[in-house]
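Text of target-v2.txt, listed as compact mmCIF, C-alpha atoms and all ligand atoms:
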```
# COMPACT_ATOMS: atom_id res chain seq x y z
CA MET A 1 88.21 71.96 111.10
CA ALA A 2 86.79 69.58 108.49
CA ALA A 3 87.83 70.39 104.92
CA PRO A 4 85.42 72.88 103.32
CA ARG A 5 83.03 71.35 100.81
CA VAL A 6 82.90 72.97 97.40
CA LEU A 7 79.86 72.91 95.13
CA VAL A 8 81.14 73.11 91.55
CA LEU A 9 78.01 73.87 89.58
CA ARG A 10 77.48 72.20 86.20
CA ALA A 11 75.07 73.07 83.43
CA PRO A 12 74.82 72.03 79.78
CA GLY A 13 77.95 73.45 78.13
CA THR A 14 80.08 73.78 81.27
CA ASN A 15 83.58 72.54 80.38
CA CYS A 16 85.98 73.56 83.16
CA ASP A 17 84.31 71.79 86.09
CA GLU A 18 86.79 68.88 86.38
CA GLU A 19 89.88 71.10 86.45
CA THR A 20 88.22 73.48 88.89
CA ALA A 21 87.22 70.67 91.25
CA PHE A 22 90.78 69.30 90.99
CA ALA A 23 92.21 72.72 91.89
CA PHE A 24 90.00 73.04 94.97
CA ASP A 25 90.79 69.45 96.01
CA SER A 26 94.53 70.05 95.55
CA ALA A 27 94.21 73.09 97.82
CA GLY A 28 92.64 70.97 100.59
CA GLY A 29 88.92 71.24 99.83
CA VAL A 30 86.40 68.51 99.02
CA SER A 31 84.63 69.26 95.75
CA GLU A 32 81.53 67.82 94.22
CA ARG A 33 80.41 68.59 90.69
CA VAL A 34 76.66 68.98 90.74
CA HIS A 35 74.33 69.60 87.80
CA VAL A 36 71.98 72.55 88.18
CA ASN A 37 68.97 70.27 87.59
CA ARG A 38 69.97 68.07 90.57
CA LEU A 39 69.93 71.20 92.75
CA ILE A 40 66.53 72.21 91.47
CA GLU A 41 65.26 68.71 92.35
CA ASN A 42 66.84 68.88 95.78
CA PRO A 43 67.46 72.48 96.90
CA ALA A 44 68.38 71.33 100.43
CA LEU A 45 71.69 70.14 98.95
CA LYS A 46 72.91 73.72 99.34
CA ASP A 47 73.46 73.14 103.06
CA ARG A 48 76.22 70.61 102.32
CA TYR A 49 78.65 73.22 101.00
CA GLN A 50 80.70 76.18 102.19
CA ILE A 51 81.93 77.33 98.79
CA LEU A 52 79.91 77.78 95.59
CA CYS A 53 81.97 77.82 92.40
CA LEU A 54 80.61 78.57 88.95
CA PRO A 55 83.25 77.25 86.54
CA GLY A 56 84.04 78.22 82.96
CA GLY A 57 82.52 77.03 79.73
CA PHE A 58 79.67 77.77 77.40
CA SER A 59 76.59 77.22 79.56
CA TYR A 60 73.53 76.82 77.34
CA GLY A 61 75.73 77.54 74.34
CA ASP A 62 76.21 81.23 75.27
CA ASP A 63 72.72 81.72 73.79
CA ILE A 64 71.27 85.25 74.13
CA ALA A 65 74.44 86.37 75.95
CA ALA A 66 77.12 84.32 77.74
CA GLY A 67 75.87 83.33 81.19
CA ARG A 68 72.40 84.78 80.66
CA ILE A 69 70.37 81.55 80.66
CA LEU A 70 72.11 79.97 83.65
CA ALA A 71 71.73 83.24 85.57
CA THR A 72 68.02 83.33 84.74
CA LYS A 73 67.65 79.70 85.78
CA LEU A 74 69.37 80.39 89.11
CA ARG A 75 67.27 83.48 89.74
CA ARG A 76 64.03 81.72 88.81
CA HIS A 77 64.58 78.34 90.54
CA LEU A 78 67.44 78.65 93.02
CA SER A 79 67.27 82.14 94.48
CA GLU A 80 67.40 80.76 98.02
CA LEU A 81 70.60 78.90 97.24
CA VAL A 82 72.20 81.95 95.62
CA ASN A 83 71.12 84.11 98.54
CA ALA A 84 72.50 81.66 101.10
CA PHE A 85 75.95 81.82 99.50
CA VAL A 86 76.04 85.49 98.48
CA HIS A 87 74.49 86.79 101.72
CA GLY A 88 73.43 84.20 104.30
CA ASN A 89 75.39 84.65 107.49
CA GLY A 90 78.40 85.93 105.59
CA ASP A 91 80.17 82.65 106.28
CA ARG A 92 80.42 81.22 102.76
CA LEU A 93 82.37 82.02 99.59
CA VAL A 94 81.40 82.34 95.93
CA LEU A 95 83.79 82.16 92.99
CA GLY A 96 82.85 82.63 89.33
CA ILE A 97 85.50 81.82 86.74
CA CYS A 98 85.05 83.15 83.19
CA ASN A 99 81.58 81.89 82.22
CA GLY A 100 80.98 81.74 85.98
CA MET A 101 81.83 85.44 86.29
CA GLN A 102 79.47 86.14 83.40
CA VAL A 103 76.71 84.34 85.35
CA LEU A 104 77.49 86.30 88.55
CA MET A 105 77.42 89.58 86.62
CA ARG A 106 74.10 88.73 84.93
CA LEU A 107 72.73 87.83 88.38
CA GLY A 108 73.90 91.17 89.75
CA ALA A 109 75.67 89.33 92.59
CA LEU A 110 78.85 91.41 92.18
CA THR A 111 77.26 94.83 91.93
CA GLU A 112 73.82 94.57 93.48
CA GLU A 113 73.90 97.55 95.83
CA LEU A 114 74.91 99.76 92.88
CA GLU A 115 71.84 98.60 90.96
CA ASP A 116 69.32 101.30 90.02
CA GLN A 117 66.02 100.73 88.30
CA SER A 118 67.07 101.74 84.82
CA GLU A 119 70.22 99.84 83.95
CA ALA A 120 72.78 97.33 85.17
CA PRO A 121 75.72 99.11 86.86
CA ALA A 122 78.18 96.99 84.88
CA THR A 123 78.25 94.15 82.41
CA LEU A 124 80.56 91.90 80.39
CA ASP A 125 80.39 92.73 76.71
CA TRP A 126 81.98 91.31 73.56
CA ASN A 127 85.75 91.72 73.32
CA ASP A 128 86.58 94.85 71.33
CA HIS A 129 87.84 92.85 68.35
CA GLY A 130 84.71 90.67 68.41
CA ARG A 131 86.59 87.38 68.52
CA PHE A 132 87.34 84.61 71.01
CA GLU A 133 90.77 85.30 72.52
CA ASP A 134 92.71 82.35 73.95
CA ARG A 135 96.16 83.06 75.43
CA TRP A 136 98.07 83.99 78.59
CA VAL A 137 97.71 87.36 80.32
CA HIS A 138 99.53 89.27 83.05
CA LEU A 139 97.46 90.41 86.00
CA VAL A 140 97.97 92.64 89.01
CA SER A 141 95.71 92.93 92.01
CA ASP A 142 94.57 96.12 93.68
CA GLN A 143 94.26 96.76 97.41
CA SER A 144 91.09 94.81 97.96
CA PRO A 145 88.89 93.01 100.47
CA CYS A 146 88.84 90.00 98.08
CA VAL A 147 89.32 86.81 100.12
CA PHE A 148 90.63 84.90 97.08
CA LEU A 149 93.37 87.46 96.27
CA LYS A 150 94.83 87.79 99.78
CA ASP A 151 98.61 88.35 99.56
CA ILE A 152 98.56 87.87 95.78
CA GLU A 153 100.21 90.75 93.94
CA ARG A 154 100.39 89.41 90.43
CA MET A 155 99.51 86.34 88.40
CA TYR A 156 100.14 84.97 84.93
CA LEU A 157 97.07 83.03 83.81
CA PRO A 158 95.36 81.77 80.66
CA MET A 159 92.33 83.62 79.36
CA ALA A 160 89.79 82.16 76.92
CA HIS A 161 86.70 84.18 76.19
CA ALA A 162 84.74 86.16 73.63
CA GLN A 163 82.51 88.16 75.98
CA GLY A 164 84.85 89.38 78.69
CA LYS A 165 84.97 93.14 78.31
CA PHE A 166 84.04 94.70 81.64
CA VAL A 167 81.96 97.80 80.97
CA ALA A 168 80.57 100.06 83.68
CA ALA A 169 77.43 102.12 83.11
CA ASN A 170 79.27 105.30 84.04
CA GLN A 171 82.32 106.75 85.79
CA ASP A 172 80.50 106.89 89.15
CA VAL A 173 80.26 103.08 89.17
CA ILE A 174 83.99 102.79 88.42
CA ASP A 175 84.83 105.33 91.13
CA ALA A 176 82.55 103.69 93.71
CA MET A 177 83.90 100.22 93.03
CA ARG A 178 87.51 101.36 92.89
CA SER A 179 87.26 103.23 96.18
CA GLU A 180 86.16 99.99 97.85
CA GLY A 181 88.90 97.94 96.17
CA ARG A 182 86.33 95.96 94.22
CA LEU A 183 88.00 96.33 90.82
CA ALA A 184 90.22 93.76 92.41
CA LEU A 185 92.10 92.23 89.47
CA ARG A 186 93.45 94.10 86.41
CA TYR A 187 95.25 93.24 83.20
CA SER A 188 98.82 94.55 83.14
CA ASP A 189 101.91 94.60 80.93
CA GLY A 190 103.69 92.22 83.28
CA LYS A 191 106.38 94.80 84.05
CA SER A 192 104.79 97.33 86.32
CA GLY A 193 103.45 95.76 89.47
CA SER A 194 100.90 98.47 90.08
CA VAL A 195 97.35 98.86 88.89
CA GLN A 196 96.74 101.24 85.97
CA SER A 197 93.34 102.79 85.63
CA GLU A 198 93.51 104.44 82.22
CA THR A 199 92.45 101.76 79.76
CA LEU A 200 95.57 100.15 78.32
CA PRO A 201 95.78 99.21 74.63
CA PHE A 202 95.51 95.70 73.15
CA PRO A 203 97.17 93.24 73.64
CA VAL A 204 97.90 94.14 77.29
CA ASN A 205 94.21 94.68 77.84
CA PRO A 206 92.87 91.80 75.74
CA ASN A 207 89.27 92.91 75.40
CA GLY A 208 89.10 96.67 75.97
CA ALA A 209 87.79 96.37 79.55
CA ASP A 210 87.18 99.66 81.38
CA ALA A 211 90.06 100.38 83.79
CA ASN A 212 91.67 97.08 82.60
CA VAL A 213 89.33 95.14 84.88
CA ALA A 214 89.75 91.34 84.80
CA GLY A 215 87.97 90.51 88.06
CA VAL A 216 85.64 92.17 90.57
CA CYS A 217 84.41 91.33 94.06
CA ASP A 218 81.41 92.31 96.13
CA LYS A 219 81.59 94.70 99.08
CA THR A 220 82.55 91.95 101.52
CA GLY A 221 85.26 90.34 99.35
CA ARG A 222 83.58 86.91 99.73
CA VAL A 223 82.04 86.91 96.25
CA PHE A 224 84.55 87.15 93.41
CA GLY A 225 84.38 86.78 89.65
CA LEU A 226 87.30 86.79 87.25
CA MET A 227 87.62 86.24 83.50
CA PRO A 228 91.06 84.49 83.41
CA HIS A 229 91.38 80.84 84.46
CA PRO A 230 93.30 80.21 87.72
CA GLU A 231 92.45 76.48 87.54
CA ARG A 232 94.54 76.20 84.36
CA HIS A 233 97.71 77.26 86.17
CA ILE A 234 98.01 75.35 89.40
CA ASP A 235 101.06 73.30 88.42
CA PRO A 236 104.35 74.98 87.37
CA THR A 237 104.54 72.80 84.24
CA GLN A 238 101.38 74.48 82.92
CA HIS A 239 103.42 77.68 82.45
CA PRO A 240 104.12 78.07 78.71
CA PHE A 241 107.88 78.54 79.28
CA TRP A 242 108.34 76.18 82.22
CA THR A 243 111.22 74.27 80.61
CA ARG A 244 113.21 77.50 80.30
CA ARG A 245 112.82 78.63 83.89
CA ASP A 246 115.86 78.29 86.16
CA GLU A 247 113.83 77.55 89.24
CA GLN A 248 110.43 75.93 89.39
CA PRO A 249 108.01 77.37 91.92
CA GLU A 250 106.09 74.81 93.95
CA TYR A 251 102.76 75.76 92.34
CA GLY A 252 101.39 77.62 89.35
CA ASP A 253 100.17 81.15 90.02
CA GLY A 254 96.48 80.22 90.23
CA MET A 255 96.89 77.82 93.15
CA ALA A 256 97.18 80.61 95.75
CA MET A 257 93.60 81.65 95.01
CA PHE A 258 92.24 78.21 95.82
CA LYS A 259 94.40 77.93 98.94
CA ASN A 260 93.18 81.35 100.12
CA ALA A 261 89.60 80.14 99.80
CA ILE A 262 90.23 76.96 101.80
CA ASP A 263 92.38 78.72 104.43
CA TRP A 264 89.62 81.29 105.04
CA PHE A 265 87.65 78.58 106.86
CA GLU A 266 90.42 77.70 109.31
N1 LIG B 301 86.20 79.98 79.07
C1 LIG B 301 84.97 80.39 79.24
O1 LIG B 301 84.38 80.22 80.30
C2 LIG B 301 84.28 81.02 78.05
C3 LIG B 301 83.24 82.02 78.43
C4 LIG B 301 82.26 82.35 77.33
N2 LIG B 301 81.73 81.17 76.72
C5 LIG B 301 82.87 83.30 76.34
O2 LIG B 301 83.37 82.89 75.34
O3 LIG B 301 82.88 84.49 76.57
```
If you convert what's in this file into structure tokens, what do you get?
Amino acid sequence: MAAPRVLVLRAPGTNCDEETAFAFDSAGGVSERVHVNRLIENPALKDRYQILCLPGGFSYGDDIAAGRILATKLRRHLSELVNAFVHGNGDRLVLGICNGMQVLMRLGALTEELEDQSEAPATLDWNDHGRFEDRWVHLVSDQSPCVFLKDIERMYLPMAHAQGKFVAANQDVIDAMRSEGRLALRYSDGKSGSVQSETLPFPVNPNGADANVAGVCDKTGRVFGLMPHPERHIDPTQHPFWTRRDEQPEYGDGMAMFKNAIDWFE
């Protein structure tokens, strides 16, 4: 099959699009970085791509709330495009990384069937300490339908955000999402390989996220958002202690996610 085409969406303030396109290309995809205004001018462009990726950054300066303006722009001008990727025939993938996850959450694309009239089922709030946190974190994945996390048990990835605290409206949302394996990726201490659901203290849980959630997927596992940055760890030399490791793995931990996405189309 021809290599899947990846739409890496740009907006004013996006700053991880080049690395993200490089990661998809290194995994065997063909990426194009496209500005949101070009899509609004030519919505038919959506039919060129099999994967939609919303990369990290500070879209529209994080004004109002991180991801809010880009989400509103997508909902107002590109709802057909969003719908084609999120739903469509169920034959495409969506990945939101950091600011991209914030956009997917504001759009409701990760939690839409849990939506009730009164409030969002879940959101991404300010980190508990109220500051931007930029460092490496340990992650474990739960049993999950997430296409991107297939056969991945743990990862060590950089994080870099101020508004990454996953907060659910209530325990029912947590229970419903957990029972479907949608609280797919969790912060961990790097020792235990299993998911912990009682909220772990800082610094293991860097932002105070409910149930240590770092990434969530939709019901189908095709739509996934995560706060850490897999595109910043695709080469082993990006690991902070790579010179001290006895053996170098072939790839950095994040690469498997991009390969899973490309392989899904085979
Ligand atoms: N790395 C990013 O994508 C940053 C996300 C967002 N601007 C925040 O600080 O929360």
Query raised in the report: Which residues come within 10 Å of Ser188 in chain A, counting all atoms listed in the file, excluding same-chain residues fewer than 3 positions away, as a ChimeraX atom specification?
Result: /A:137-141,154-156,185,191-196,200,203-206,212-214
**Report entry** 6 Å shell around ligand LIG 301 (chain B) using all atoms listed in the file, listed as a PyMOL selection string
**Finding:** chain A and resi 56-58+62+66+98-99+160-164
Query - Selected residue, from A:Trp264, A:Phe22, A:Trp136, A:Phe224, that lies nearest to His239 in chain A when counting all atoms listed in the file - result: A:Trp136
**Report entry** Exercise: Lys165 in chain A partners within 9 Å, all atoms listed in the file, chain neighbours under 4 positions left out, as a list in words
**Finding:**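 In the requested form, the answer reads Thr123, Leu124, Asp125, Trp126, Asn127, Asp128, Pro206, Asn207, Gly208, Ala209, Asp210, Asn212, Val213 and Ala214 of chain A.
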Query raised in the report: Taking into account only C-alpha atoms, which residue in the set A:Ser26, A:Thr111, A:Ser197, A:Thr220 is nearest to Pro145 in chain A?
Result: A:Thr220
Report task. Considering all atoms listed in the file, return as a ChimeraX atom specification whatever protein or nucleic-acid residues lie within 10 Å of Pro249 in chain A, sequence-local ones (same chain, fewer than 4 positions apart) excluded. Result -> /A:235-237,242,245,253
Next, dump the selected residues to file, keeping only C-alpha atoms, as a short mmCIF file (atom, residue, chain, number, x, y, z; two decimals), in the frame of the given file.
```cif
data_model
loop_
_atom_site.label_atom_id
_atom_site.label_comp_id
_atom_site.auth_asym_id
_atom_site.auth_seq_id
_atom_site.Cartn_x
_atom_site.Cartn_y
_atom_site.Cartn_z
CA ASP A 235 101.06 73.30 88.42
CA PRO A 236 104.35 74.98 87.37
CA THR A 237 104.54 72.80 84.24
CA TRP A 242 108.34 76.18 82.22
CA ARG A 245 112.82 78.63 83.89
CA ASP A 253 100.17 81.15 90.02
#
```
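Each of A:Leu78, A:Val167, A:Ala3, A:Leu52 was compared to Asn37 in chain A using all atoms listed in the file, and A:Leu78 turns out to be the nearest.
CA of Tyr251 in chain A is found 25.0 Å from CA of Leu9 in chain A.
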Query - Top pick for closest residue to Arg178 in chain A, considering A:Ile152, A:Met159, A:Ala211, A:Met255 and counting all atoms listed in the file - result: A:Ala211
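Straight-line separation from CA of His229 in chain A to CA of Gly96 in chain A: 10.0 Å.
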Report task. Give me, please, the distance in Å between CA of Ser179 in chain A and CA of Lys219 in chain A, quoted to one decimal. Result ->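 If I compute the distance from CA of Ser179 in chain A to CA of Lys219 in chain A, I get 10.6 Å.
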For His87 in chain A, find every residue with an atom within 12 Å (counting all atoms listed in the file), except residues of its own chain fewer than 6 positions away, and show them as a PDB file with C-alpha atoms, keeping the file's coordinate frame.
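Ended up saving to result.pdb:
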```
ATOM      1  CA  SER A  79      67.270  82.140  94.480  1.00  0.00           C
ATOM      2  CA  GLU A  80      67.400  80.760  98.020  1.00  0.00           C
ATOM      3  CA  LEU A  81      70.600  78.900  97.240  1.00  0.00           C
ATOM      4  CA  LEU A  93      82.370  82.020  99.590  1.00  0.00           C
ATOM      5  CA  VAL A  94      81.400  82.340  95.930  1.00  0.00           C
ATOM      6  CA  ALA A 109      75.670  89.330  92.590  1.00  0.00           C
ATOM      7  CA  LEU A 110      78.850  91.410  92.180  1.00  0.00           C
ATOM      8  CA  GLU A 112      73.820  94.570  93.480  1.00  0.00           C
ATOM      9  CA  ASP A 218      81.410  92.310  96.130  1.00  0.00           C
ATOM     10  CA  LYS A 219      81.590  94.700  99.080  1.00  0.00           C
ATOM     11  CA  THR A 220      82.550  91.950 101.520  1.00  0.00           C
ATOM     12  CA  GLY A 221      85.260  90.340  99.350  1.00  0.00           C
ATOM     13  CA  ARG A 222      83.580  86.910  99.730  1.00  0.00           C
ATOM     14  CA  VAL A 223      82.040  86.910  96.250  1.00  0.00           C
TER      15      VAL A 223
END
```
Around all the atoms of range 14-24 of chain A listed in the file, with 6 Å of room on each side, what axis-aligned box do you get, giving centre and edge lengths in Å to one decimal, as AutoDock Vina command-line options?
```
--center_x 86.1 --center_y 71.3 --center_z 87.7 --size_x 24.1 --size_y 16.9 --size_z 26.6
```
**Report entry** Nearest to His35 in chain A, chosen from A:Gln50, A:Gln143, A:Thr20, A:Ser59, with all atoms listed in the file counted in the distances
**Finding:**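 So, comparing all the options, the nearest one is A:Ser59.
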Report task. Using only C-alpha atoms, pick whichever of A:Glu19, A:Glu32, A:Asp189, A:Glu198 has the shortest atom-to-atom distance to Gly254 in chain A. Result ->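 For Gly254 in chain A, the nearest of the candidates is A:Glu19.
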